[in-house]
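S.K.: Provided herewith: structure.cif, mmCIF, C-alpha atoms.
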```cif
data_protein
#
loop_
_atom_site.label_atom_id
_atom_site.label_comp_id
_atom_site.auth_asym_id
_atom_site.auth_seq_id
_atom_site.Cartn_x
_atom_site.Cartn_y
_atom_site.Cartn_z
CA MET A 170 -36.19 -10.01 -59.29
CA ALA A 171 -32.62 -9.54 -60.31
CA HIS A 172 -32.42 -6.34 -58.21
CA PHE A 173 -33.99 -8.03 -55.17
CA ARG A 174 -31.42 -10.77 -55.32
CA THR A 175 -28.58 -8.24 -55.36
CA THR A 176 -29.89 -6.41 -52.29
CA LEU A 177 -30.33 -9.61 -50.36
CA MET A 178 -26.75 -10.63 -51.06
CA ALA A 179 -25.45 -7.28 -49.75
CA CYS A 180 -27.31 -7.75 -46.49
CA MET A 181 -25.89 -11.19 -46.10
CA ALA A 182 -22.39 -9.90 -46.64
CA VAL A 183 -22.70 -7.44 -43.72
CA THR A 184 -23.99 -10.14 -41.46
CA ILE A 185 -21.15 -12.47 -42.20
CA LEU A 186 -18.47 -9.84 -41.61
CA SER A 187 -19.93 -8.88 -38.27
CA THR A 188 -20.03 -12.45 -37.10
CA ASN A 189 -16.39 -12.85 -38.02
CA GLN A 190 -15.49 -10.02 -35.61
CA ALA A 191 -17.17 -11.55 -32.59
CA MET A 192 -15.06 -10.91 -29.52
CA ALA A 193 -13.92 -13.77 -27.39
CA GLN A 194 -11.61 -12.05 -24.97
CA VAL A 195 -9.32 -9.03 -25.16
CA SER A 196 -6.76 -8.16 -22.49
CA GLY A 197 -4.40 -5.31 -21.75
CA SER A 198 -1.80 -5.11 -19.00
CA THR A 199 -0.01 -2.34 -17.17
CA PRO A 200 2.61 -2.40 -14.44
CA ALA A 201 1.79 -1.02 -11.01
CA THR A 202 4.82 0.16 -9.07
CA ILE A 203 5.76 1.65 -5.72
CA THR A 204 9.06 2.47 -4.05
CA LEU A 205 9.45 2.34 -0.28
CA THR A 206 12.22 4.27 1.43
CA SER A 207 13.51 3.88 4.96
CA GLY A 208 11.88 6.01 7.61
CA GLY A 209 14.90 5.41 9.85
CA LEU A 210 15.33 4.46 13.47
CA GLN A 211 13.83 6.98 15.91
CA MET A 212 13.61 7.29 19.67
CA ALA A 213 12.03 9.76 22.08
CA VAL A 214 12.40 9.94 25.86
CA ILE A 215 9.04 10.07 27.61
CA GLY A 216 8.44 11.34 31.16
CA GLY A 217 11.10 11.67 33.85
CA PRO A 218 13.05 12.90 35.64
CA ILE A 219 14.35 10.21 37.98
CA GLU A 220 13.69 11.45 41.52
CA LEU A 221 16.12 10.55 44.32
CA GLY A 222 14.46 12.91 46.79
CA SER A 223 16.15 14.46 49.80
CA PHE A 224 18.73 12.75 51.99
CA ALA A 225 20.07 13.78 55.36
CA LEU A 226 23.81 13.28 55.65
CA ASN A 227 24.79 11.02 58.57
CA GLY A 228 28.58 10.83 58.34
CA VAL A 229 28.79 7.44 56.57
CA ASP A 230 28.37 6.25 53.00
CA ALA A 231 24.69 5.72 52.28
CA GLN A 232 22.74 4.09 49.49
CA ARG A 233 19.82 6.10 48.20
CA ASN A 234 17.01 4.52 46.13
CA SER A 235 14.98 6.44 43.65
CA ILE A 236 11.55 7.44 44.89
CA GLY A 237 9.93 7.94 41.51
CA VAL A 238 10.58 7.94 37.79
CA ASN A 239 7.65 10.11 36.66
CA GLY A 240 6.57 7.80 33.87
CA LEU A 241 10.05 7.54 32.43
CA GLY A 242 10.20 5.52 29.23
CA LEU A 243 11.10 5.47 25.58
CA ASP A 244 9.11 5.51 22.34
CA ILE A 245 11.06 3.66 19.67
CA THR A 246 10.17 3.49 15.99
CA ASP A 247 11.89 1.14 13.60
CA ALA A 248 10.80 2.21 10.13
CA THR A 249 14.02 1.17 8.43
CA GLY A 250 12.41 -1.64 6.48
CA SER A 251 15.58 -3.63 7.09
CA GLY A 252 14.72 -6.11 9.83
CA ALA A 253 18.19 -5.52 11.28
CA GLY A 254 17.00 -5.12 14.89
CA TRP A 255 18.24 -2.43 17.27
CA ASN A 256 19.72 -1.75 20.69
CA VAL A 257 19.38 0.99 23.29
CA SER A 258 22.13 1.92 25.72
CA VAL A 259 22.20 4.29 28.70
CA GLN A 260 24.84 6.41 30.38
CA ALA A 261 24.73 9.02 33.14
CA THR A 262 27.05 11.87 34.01
CA ASP A 263 28.30 12.47 37.52
CA PHE A 264 25.85 14.25 39.81
CA ILE A 265 26.93 17.88 39.74
CA ARG A 266 26.27 20.18 42.70
CA SER A 267 25.17 23.71 41.98
CA GLY A 268 27.92 25.85 43.43
CA GLY A 269 30.56 23.15 43.02
CA GLY A 270 31.21 19.58 43.97
CA SER A 271 29.96 16.26 42.59
CA ILE A 272 28.94 12.71 43.39
CA PRO A 273 30.55 10.20 41.03
CA VAL A 274 28.42 7.67 39.21
CA ALA A 275 31.33 5.32 38.55
CA ASN A 276 30.95 1.92 40.14
CA VAL A 277 34.17 1.46 42.11
CA GLY A 278 33.03 -1.45 44.24
CA PRO A 279 29.99 -3.44 45.29
CA ASN A 280 26.91 -1.29 45.54
CA THR A 281 28.77 1.89 44.68
CA GLY A 282 28.15 4.57 42.10
CA PHE A 283 24.88 5.01 40.24
CA ARG A 284 23.08 1.82 39.24
CA TRP A 285 19.92 0.70 37.50
CA ASN A 286 18.59 -2.49 39.00
CA ASN A 287 16.70 -4.64 36.53
CA PRO A 288 15.58 -2.56 33.52
CA ASN A 289 13.29 -5.51 32.89
CA LEU A 290 10.92 -4.04 35.49
CA ALA A 291 9.14 -2.31 32.67
CA SER A 292 6.33 -2.79 30.18
CA ILE A 293 7.05 -3.19 26.49
CA THR A 294 4.13 -2.67 24.12
CA VAL A 295 3.87 -2.16 20.39
CA ASP A 296 1.33 -0.50 18.13
CA SER A 297 -0.92 -2.94 16.29
CA PRO A 298 -0.23 -5.03 14.27
CA GLY A 299 3.39 -5.27 15.44
CA THR A 300 4.72 -7.87 17.83
CA THR A 301 7.04 -7.66 20.82
CA THR A 302 8.55 -11.05 20.08
CA GLY A 303 12.32 -10.68 20.07
CA VAL A 304 12.26 -7.40 22.03
CA SER A 305 13.51 -7.59 25.62
CA ALA A 306 15.19 -5.64 28.41
CA ASN A 307 18.21 -6.60 30.49
CA PRO A 308 17.20 -8.18 33.82
CA ALA A 309 20.62 -7.50 35.36
CA GLN A 310 22.08 -4.48 37.16
CA ILE A 311 23.31 -1.69 34.88
CA ASP A 312 26.31 0.46 35.72
CA MET A 313 25.13 3.91 34.73
CA ALA A 314 28.68 5.20 34.33
CA SER A 315 29.27 3.12 31.22
CA ASN A 316 27.27 3.15 28.02
CA ARG A 317 25.52 -0.15 28.61
CA VAL A 318 22.88 -1.80 26.42
CA PHE A 319 19.73 -2.49 28.42
CA LEU A 320 17.10 -2.98 25.69
CA HIS A 321 17.30 -4.63 22.29
CA ALA A 322 15.42 -6.17 19.37
CA LEU A 323 16.85 -9.25 17.75
CA ALA A 324 17.39 -9.37 14.00
CA GLY A 325 14.05 -9.76 12.26
CA SER A 326 12.15 -8.23 15.16
CA GLY A 327 11.53 -4.79 16.60
CA ILE A 328 9.77 -3.49 13.49
CA GLY A 329 7.13 -0.86 14.17
CA LYS A 330 6.43 1.50 17.04
CA PHE A 331 7.38 0.36 20.56
CA HIS A 332 6.67 1.85 23.97
CA TYR A 333 9.02 1.03 26.83
CA ARG A 334 7.86 2.23 30.27
CA ILE A 335 9.60 1.70 33.61
CA THR A 336 7.02 0.24 35.99
CA SER A 337 8.97 0.37 39.24
CA SER A 338 9.56 3.60 41.14
CA THR A 339 12.71 2.33 42.86
CA PRO A 340 14.96 0.77 40.20
CA PHE A 341 17.79 3.33 40.54
CA GLN A 342 20.32 3.45 43.35
CA LEU A 343 23.03 6.01 44.15
CA MET A 344 25.82 5.66 46.68
CA ILE A 345 26.18 8.96 48.54
CA PRO A 346 29.66 9.29 50.01
CA TYR A 347 30.05 10.30 53.66
CA ASN A 348 31.88 13.44 52.64
CA ALA A 349 29.38 14.76 50.06
CA LEU A 350 28.65 18.47 50.28
CA ALA A 351 25.13 19.44 51.18
CA GLY A 352 23.24 20.86 48.25
CA SER A 353 21.27 20.02 45.09
CA TYR A 354 22.79 17.66 42.54
CA THR A 355 21.83 16.87 38.96
CA SER A 356 22.95 14.13 36.57
CA THR A 357 22.13 13.89 32.89
CA VAL A 358 21.03 10.46 31.73
CA THR A 359 21.46 9.80 27.99
CA PHE A 360 19.76 7.04 26.02
CA THR A 361 21.22 6.05 22.65
CA ILE A 362 19.69 3.80 20.00
CA GLY A 363 21.71 1.92 17.41
CA SER A 364 21.06 -0.49 14.57
CA GLY A 365 21.33 -4.20 15.14
CA PRO A 366 20.98 -6.23 18.32
CA SER A 367 23.73 -6.12 20.94
CA SER A 368 24.23 -8.51 23.81
CA PHE A 369 23.43 -7.27 27.31
CA MET B 286 -49.94 -13.10 -87.14
CA LEU B 287 -46.70 -11.83 -88.40
CA LYS B 288 -47.97 -8.27 -88.50
CA GLN B 289 -49.19 -8.42 -84.92
CA SER B 290 -45.81 -9.58 -83.70
CA LEU B 291 -44.03 -6.77 -85.40
CA CYS B 292 -46.36 -4.26 -83.82
CA SER B 293 -45.67 -5.70 -80.44
CA LEU B 294 -41.94 -5.40 -80.91
CA ALA B 295 -42.28 -1.86 -82.08
CA LEU B 296 -44.29 -0.93 -79.00
CA ALA B 297 -41.70 -2.37 -76.71
CA GLY B 298 -38.98 -0.46 -78.43
CA SER B 299 -40.91 2.72 -78.10
CA LEU B 300 -41.35 2.34 -74.32
CA GLN B 301 -37.65 1.97 -73.75
CA ALA B 302 -36.87 4.96 -75.82
CA VAL B 303 -38.85 7.37 -73.55
CA GLY B 304 -36.78 6.34 -70.43
CA LEU B 305 -38.73 4.20 -68.03
CA ALA B 306 -37.26 3.94 -64.50
CA GLN B 307 -34.02 2.00 -64.10
CA THR B 308 -32.65 0.74 -60.77
CA THR B 309 -29.25 -0.01 -59.37
CA SER B 310 -28.01 -0.78 -55.86
CA ALA B 311 -25.84 1.12 -53.37
CA ASN B 312 -23.85 -1.33 -51.30
CA LEU B 313 -22.06 -0.73 -48.00
CA ASN B 314 -20.04 -3.18 -46.00
CA VAL B 315 -19.77 -2.27 -42.33
CA VAL B 316 -16.87 -4.24 -40.96
CA GLY B 317 -16.51 -4.78 -37.26
CA GLN B 318 -13.08 -4.32 -35.72
CA PRO B 319 -11.45 -5.99 -32.78
CA PHE B 320 -12.21 -4.62 -29.36
CA VAL B 321 -9.49 -2.30 -28.08
CA LEU B 322 -8.33 -1.75 -24.51
CA LEU B 323 -5.85 1.03 -23.89
CA THR B 324 -4.11 0.84 -20.53
CA PRO B 325 -1.77 3.47 -19.07
CA GLY B 326 1.97 3.06 -19.39
CA SER B 327 2.17 2.39 -15.70
CA LEU B 328 0.24 2.89 -12.50
CA SER B 329 2.86 4.39 -10.20
CA PHE B 330 2.28 5.05 -6.54
CA GLY B 331 5.57 6.96 -6.44
CA THR B 332 7.82 6.91 -3.40
CA VAL B 333 6.54 6.34 0.12
CA THR B 334 8.57 6.65 3.32
CA LEU B 335 8.05 3.88 5.86
CA THR B 336 6.70 4.94 9.28
CA GLY B 337 6.58 1.77 11.35
CA ASN B 338 2.79 1.68 11.02
CA ASN B 339 0.57 0.38 8.25
CA ILE B 340 0.26 2.96 5.49
CA LEU B 341 -2.54 3.53 3.02
CA ALA B 342 -0.90 4.82 -0.17
CA ARG B 343 -3.21 6.53 -2.62
CA HIS B 344 -2.56 6.77 -6.33
CA PRO B 345 -2.59 10.35 -7.66
CA LEU B 346 -4.19 9.14 -10.92
CA ALA B 347 -2.03 11.31 -13.16
CA ALA B 348 -2.07 9.96 -16.73
CA SER B 349 -3.82 6.80 -15.72
CA SER B 350 -6.90 6.79 -17.93
CA TRP B 351 -8.01 3.45 -19.24
CA THR B 352 -9.89 3.42 -22.54
CA ILE B 353 -12.35 0.88 -23.86
CA ASN B 354 -13.25 0.91 -27.53
CA ASP B 355 -16.03 -1.41 -28.63
CA ARG B 356 -15.67 -1.40 -32.42
CA SER B 357 -17.21 -4.80 -32.93
CA GLY B 358 -20.49 -3.47 -34.27
CA ASP B 359 -22.25 -6.59 -33.09
CA GLY B 360 -24.14 -4.95 -30.24
CA ARG B 361 -23.19 -7.65 -27.82
CA GLY B 362 -22.78 -6.75 -24.21
CA TRP B 363 -19.49 -7.25 -22.46
CA ARG B 364 -17.80 -7.39 -19.10
CA LEU B 365 -14.64 -5.55 -18.11
CA LYS B 366 -12.67 -7.42 -15.49
CA LEU B 367 -9.55 -6.67 -13.51
CA ARG B 368 -6.94 -8.91 -12.00
CA GLY B 369 -3.34 -8.52 -10.88
CA THR B 370 -0.25 -10.24 -9.64
CA ASN B 371 1.14 -9.70 -6.18
CA PHE B 372 3.64 -6.86 -5.78
CA THR B 373 7.12 -8.36 -5.61
CA ARG B 374 10.31 -6.63 -4.55
CA THR B 375 12.45 -5.86 -7.57
CA ALA B 376 15.25 -3.83 -5.99
CA GLY B 377 16.52 -2.63 -2.63
CA PRO B 378 19.14 -3.13 0.03
CA SER B 379 19.70 -6.54 1.57
CA VAL B 380 17.37 -7.18 4.47
CA GLY B 381 17.20 -9.52 7.41
CA PRO B 382 14.44 -11.89 8.43
CA GLY B 383 11.17 -10.60 9.74
CA VAL B 384 10.48 -8.09 7.01
CA THR B 385 7.98 -8.67 4.23
CA THR B 386 9.02 -8.50 0.61
CA THR B 387 5.65 -9.14 -1.04
CA ILE B 388 2.53 -7.01 -1.09
CA PRO B 389 -0.56 -9.12 -1.79
CA ILE B 390 -2.58 -7.80 -4.72
CA SER B 391 -5.59 -7.95 -2.43
CA ASN B 392 -4.05 -4.92 -0.70
CA LEU B 393 -4.83 -2.96 -3.88
CA GLY B 394 -8.35 -1.64 -3.94
CA TYR B 395 -10.53 1.08 -5.27
CA ALA B 396 -13.62 2.96 -4.25
CA GLY B 397 -16.05 1.72 -6.88
CA SER B 398 -18.79 4.15 -6.04
CA GLY B 399 -16.86 7.08 -7.48
CA VAL B 400 -15.85 5.59 -10.83
CA SER B 401 -17.51 7.03 -13.93
CA PHE B 402 -17.30 6.51 -17.65
CA SER B 403 -17.22 9.09 -20.40
CA GLY B 404 -16.66 9.11 -24.13
CA THR B 405 -18.18 9.69 -27.51
CA GLY B 406 -20.92 7.49 -28.74
CA ASN B 407 -20.87 5.10 -25.89
CA THR B 408 -24.01 3.97 -24.22
CA ILE B 409 -22.48 2.15 -21.36
CA ASP B 410 -24.94 0.85 -18.87
CA VAL B 411 -23.60 2.75 -15.91
CA ALA B 412 -26.35 1.43 -13.72
CA ASN B 413 -24.75 -1.97 -13.97
CA ALA B 414 -21.29 -0.77 -13.15
CA TYR B 415 -19.32 -2.03 -10.19
CA ASN B 416 -21.13 -5.29 -10.31
CA VAL B 417 -19.03 -6.73 -7.55
CA PRO B 418 -20.34 -8.73 -4.63
CA GLY B 419 -19.84 -7.04 -1.30
CA SER B 420 -18.92 -3.49 -0.53
CA LEU B 421 -18.72 -0.98 -3.33
CA ASN B 422 -16.42 1.25 -1.34
CA ASN B 423 -13.41 -0.97 -0.90
CA ILE B 424 -13.12 -3.38 -3.77
CA GLN B 425 -10.07 -5.58 -3.51
CA VAL B 426 -8.24 -6.72 -6.60
CA ALA B 427 -7.52 -10.43 -6.86
CA THR B 428 -5.21 -12.66 -8.84
CA ALA B 429 -8.19 -14.11 -10.70
CA ASP B 430 -10.75 -12.35 -12.90
CA THR B 431 -13.23 -12.00 -10.09
CA ILE B 432 -13.54 -8.22 -10.15
CA VAL B 433 -15.99 -6.92 -12.73
CA ILE B 434 -15.41 -3.22 -13.14
CA GLN B 435 -18.09 -2.74 -15.74
CA THR B 436 -20.89 -4.67 -17.31
CA SER B 437 -22.50 -3.45 -20.50
CA ALA B 438 -25.80 -5.01 -21.45
CA ASN B 439 -26.57 -6.33 -24.92
CA GLY B 440 -27.26 -3.44 -27.26
CA GLN B 441 -25.17 -1.07 -25.22
CA GLY B 442 -21.53 -0.29 -24.67
CA MET B 443 -20.65 0.40 -28.30
CA GLY B 444 -18.13 3.11 -29.01
CA ARG B 445 -15.20 4.46 -27.05
CA ALA B 446 -15.28 5.20 -23.36
CA THR B 447 -12.73 6.22 -20.77
CA ILE B 448 -12.73 5.03 -17.20
CA ASN B 449 -12.55 8.04 -14.95
CA TRP B 450 -11.13 7.24 -11.53
CA PRO B 451 -11.86 9.78 -8.82
CA THR B 452 -8.87 11.37 -7.14
CA SER B 453 -7.22 8.95 -4.74
CA ALA B 454 -9.77 6.26 -5.56
CA ILE B 455 -7.09 3.62 -6.07
CA SER B 456 -5.25 2.73 -2.89
CA LEU B 457 -2.62 0.28 -1.72
CA ASP B 458 -2.31 -0.96 1.86
CA LEU B 459 1.33 -1.15 2.93
CA PRO B 460 2.04 -3.41 5.91
CA TYR B 461 4.18 -1.91 8.69
CA ASN B 462 6.89 -4.53 8.25
CA LEU B 463 7.64 -4.13 4.54
CA ALA B 464 11.25 -4.08 3.44
CA ALA B 465 12.47 -0.86 1.87
CA GLY B 466 12.87 -1.14 -1.89
CA SER B 467 10.99 -1.10 -5.18
CA TYR B 468 7.94 -3.24 -5.82
CA SER B 469 6.08 -4.08 -9.00
CA ALA B 470 2.88 -5.87 -9.94
CA THR B 471 1.09 -6.40 -13.24
CA LEU B 472 -2.53 -5.37 -13.62
CA THR B 473 -4.55 -6.94 -16.39
CA LEU B 474 -7.83 -5.69 -17.78
CA THR B 475 -9.86 -8.23 -19.68
CA VAL B 476 -13.04 -7.72 -21.64
CA ASP B 477 -15.18 -10.55 -22.91
CA ASP B 478 -18.69 -11.16 -24.18
CA LEU B 479 -21.57 -11.50 -21.82
#
```
Would you mind writing the file out in C-alpha cells?

M.R.:
Amino acid sequence: MAHFRTTLMACMAVTILSTNQAMAQVSGSTPATITLTSGGLQMAVIGGPIELGSFALNGVDAQRNSIGVNGLGLDITDATGSGAGWNVSVQATDFIRSGGGSIPVANVGPNTGFRWNNPNLASITVDSPGTTTGVSANPAQIDMASNRVFLHALAGSGIGKFHYRITSSTPFQLMIPYNALAGSYTSTVTFTIGSGPSSF
Amino acid sequence: MLKQSLCSLALAGSLQAVGLAQTTSANLNVVGQPFVLLTPGSLSFGTVTLTGNNILARHPLAASSWTINDRSGDGRGWRLKLRGTNFTRTAGPSVGPGVTTTIPISNLGYAGSGVSFSGTGNTIDVANAYNVPGSLNNIQVATADTIVIQTSANGQGMGRATINWPTSAISLDLPYNLAAGSYSATLTLTVDDL
C-alpha cells in the first residue's frame, strides 16, 4: 500500500507540471523590407515622319500643310517615384535641300516659318491603373524653331506609362518662300523630356 | 501461549533473512516547456527598380525559414496565425503629391498550396494546413490575425517543425505610383491553443 501511494503521487506530479505549461499565446515578429529605386524618366518617338508632300513652285510665298504624320506620337514613362511631373518640348532644324539650299523654320512674321497648330489635336492615354488627370497638351500654335513645351504633367501627376498620339494629319504648316530651290528638303524634329511641369 | 508467540516471531525473522522481494519506485518528471517560434532576422525583398507599371516583387526566400517548436508536452492542438503592419516609407528623397508612400499589408501574399512542413518528431496535420477561407493560391496577409497558416489537431503537432516556403511563394504587389525609397513592415506569427 505504501508503494502504491508513492507511484500515484509521481503520476500526479507529472500532470500538474504539464498543466502549468499550458500555452495561451506565443508570438514572434520579423521585419519585412523592400527598397524601391527610381526607374527614371523615359521617352520614345513613335511613328513619323511628318509628310509635307510635293509642292509646285508658283513664284510667290506659299503655305504648305502637312498631309500626314504616319502615326507620330510619343511613349512617355515616368518611373521616377517622385511625383515631380514632367514636360516635353519640341524643336526643328531648318529644312535642308540635298545638294544645297534650305528653307528656314524660324517664324519671322505671321504665318511664316514652320509651325505646329494645336498639339492638343492628339489622344493621351495611360496604361492601367494610371490616370491622365493633370496631363495635357498645348492648344496654341507652336513655333518649331524654338524649343517650346507642348506637353506636360503637373506635379503629382504623370506617373506611369503614357501614350501621346497626334490625331490630325494636317497640324503642321511650312511657309515656302517664292525663291526656294526646287528639290527635296529634310528637317530633323527633336522632342525633349524634362522633369517638372513647365508652362506652355 | 507464550511459546507459540515466540515461534511466530522466529518464523517471521527467518523469512526476512532469505531475501523476499523488495520494491522501490523509479520516478520521472516530464516538464513541458514554453512553445517556441523562431522567425528569420528579416524578410527582405531587396531592391526593385520602378517601371511605371504595377510590379509583383517575389521574395527569394534565402534564410527565411520559420521554426515552430511545440515543447509543451500537453498534446493540445494549436493554430499558427500571421498578421502584419502596412509597409511604411522609412527613407528616401523628398517627393511631391500624387505618389504613394504606404504599401498595404494586404499587398503581401503567398501561394499557400506550395507550403510544406518538415522537422523531427513532428506530426503536424498537414491536411489541415492553409485553413484559410477563399483561394489557396493568393492568400493576402492582413493587419489582424485572420490568416491561419497551420492548424494542428489535438494530439498532433508536437515537436519541432520548419515552414518550407516554395521559391517565390511570398510576393508583394507594388503599385505603379509608389515613391522611391525604403519601406518596412512588421510581420507577426502567433500560435495559440485550439

S.K.: Tell me which of B:Leu479, B:Ile340, B:Ile353, B:Ala464 sits closest to chain A, counting all atoms listed in the file.

M.R.: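 Distance minimum relative to chain A lands on B:Ala464.
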
S.K.: Could you tell me which residues the PyMOL selection byres ((chain B and resi 472) around 10) returns for this structure, as a list of chain:residue names?

M.R.: A:Gly197, A:Ser198, A:Thr199, A:Pro200, A:Ala201, B:Thr324, B:Ser327, B:Leu328, B:Leu367, B:Arg368, B:Gly369, B:Thr370, B:Asn371, B:Ile390, B:Val426, B:Ala427, B:Thr428, B:Ser469, B:Ala470, B:Thr471, B:Thr473, B:Leu474, B:Thr475

S.K.: Could you work out which residues of chain B fall inside 8 Å of chain A? Count only C-alpha atoms, and format the result as number ranges by chain.

M.R.: B: 308-310, 312-338, 357-359, 372, 378-384, 461-478

S.K.: Need the shell around Ser456 of chain B: protein/DNA/RNA residues with any atom at most 7 Å away, counting only C-alpha atoms. Skip same-chain ones fewer than 6 positions apart. Format as a PyMOL selection string?

M.R.: chain B and resi 341-344+393-395

S.K.: Quote the spacing between atom CA of Ala454 of chain B and atom CA of Arg364 of chain B in Å to one decimal place.

M.R.: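 A separation of 20.8 Å between them.
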
S.K.: Determine the nearest neighbour of Pro451 of chain B from the options B:Pro345, B:Asn339, B:Arg356, B:Arg361, counting all atoms listed in the file.

M.R.: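 Result for the nearest residue to Pro451 of chain B: B:Pro345.
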
S.K.: Give me, please, the distance in Å between atom CA of Trp285 of chain A and atom CA of Asp244 of chain A, quoted to one decimal.

M.R.: 19.2 Å

S.K.: Once the PyMOL selection byres ((chain A and resi 363) around 6) has been evaluated on this model, what residues remain selected, and can you format them as a list of chain:residue names?

M.R.: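 Matching residues under the PyMOL selection byres ((chain A and resi 363) around 6) are A:Trp255, A:Asn256, A:Ile362, A:Ser364.
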
S.K.: In terms of the shortest atom-to-atom distance over all atoms listed in the file, which of A:Met212, A:Leu243, A:Ala309, A:Ile345 is closest to Val229 of chain A?

M.R.: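 That would be A:Ile345, the residue with the smallest distance to Val229 of chain A.
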
S.K.: List every protein, DNA or RNA residue with an atom no more than 12 Å from (22.1, 14.6, 55.1) in the file's coordinates, counting only C-alpha atoms, and format the result as number ranges by chain.

M.R.: A: 222-233, 345-353

S.K.: Restricting it to C-alpha atoms, dump the selection as a short mmCIF file (atom, residue, chain, number, x, y, z; two decimals), keeping the file's coordinate frame.

M.R.:
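Result written to selection_23.cif:
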```
data_model
loop_
_atom_site.label_atom_id
_atom_site.label_comp_id
_atom_site.auth_asym_id
_atom_site.auth_seq_id
_atom_site.Cartn_x
_atom_site.Cartn_y
_atom_site.Cartn_z
CA GLY A 222 14.46 12.91 46.79
CA SER A 223 16.15 14.46 49.80
CA PHE A 224 18.73 12.75 51.99
CA ALA A 225 20.07 13.78 55.36
CA LEU A 226 23.81 13.28 55.65
CA ASN A 227 24.79 11.02 58.57
CA GLY A 228 28.58 10.83 58.34
CA VAL A 229 28.79 7.44 56.57
CA ASP A 230 28.37 6.25 53.00
CA ALA A 231 24.69 5.72 52.28
CA GLN A 232 22.74 4.09 49.49
CA ARG A 233 19.82 6.10 48.20
CA ILE A 345 26.18 8.96 48.54
CA PRO A 346 29.66 9.29 50.01
CA TYR A 347 30.05 10.30 53.66
CA ASN A 348 31.88 13.44 52.64
CA ALA A 349 29.38 14.76 50.06
CA LEU A 350 28.65 18.47 50.28
CA ALA A 351 25.13 19.44 51.18
CA GLY A 352 23.24 20.86 48.25
CA SER A 353 21.27 20.02 45.09
#
```

S.K.: Between atom CA of Thr336 of chain A and atom CA of Gly216 of chain A, what distance in Å does the model show, to one decimal?

M.R.: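 These two atoms are separated by 12.2 Å.
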
S.K.: Got a sec to resolve the PyMOL selection byres ((chain A and resi 238) around 12) on this structure and send the residues as a list of chain:residue names?

M.R.: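 Against this file, the PyMOL selection byres ((chain A and resi 238) around 12) returns the residues A:Ile215, A:Gly216, A:Gly217, A:Pro218, A:Ile219, A:Glu220, A:Leu221, A:Gly222, A:Asn234, A:Ser235, A:Ile236, A:Gly237, A:Asn239, A:Gly240, A:Leu241, A:Gly242, A:Trp285, A:Ala291, A:Arg334, A:Ile335, A:Thr336, A:Ser337, A:Ser338, A:Thr339, A:Pro340, A:Phe341.
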
S.K.: Once you add 4 Å to each side, what are the centre and edge lengths of the axis-aligned box holding all listed atoms of segment 199-216 of chain A? One decimal in Å, as lines of an AutoDock Vina configuration file, if you can.

M.R.:
```
center_x = 7.7
center_y = 4.5
center_z = 7.0
size_x = 23.3
size_y = 21.7
size_z = 56.3
```
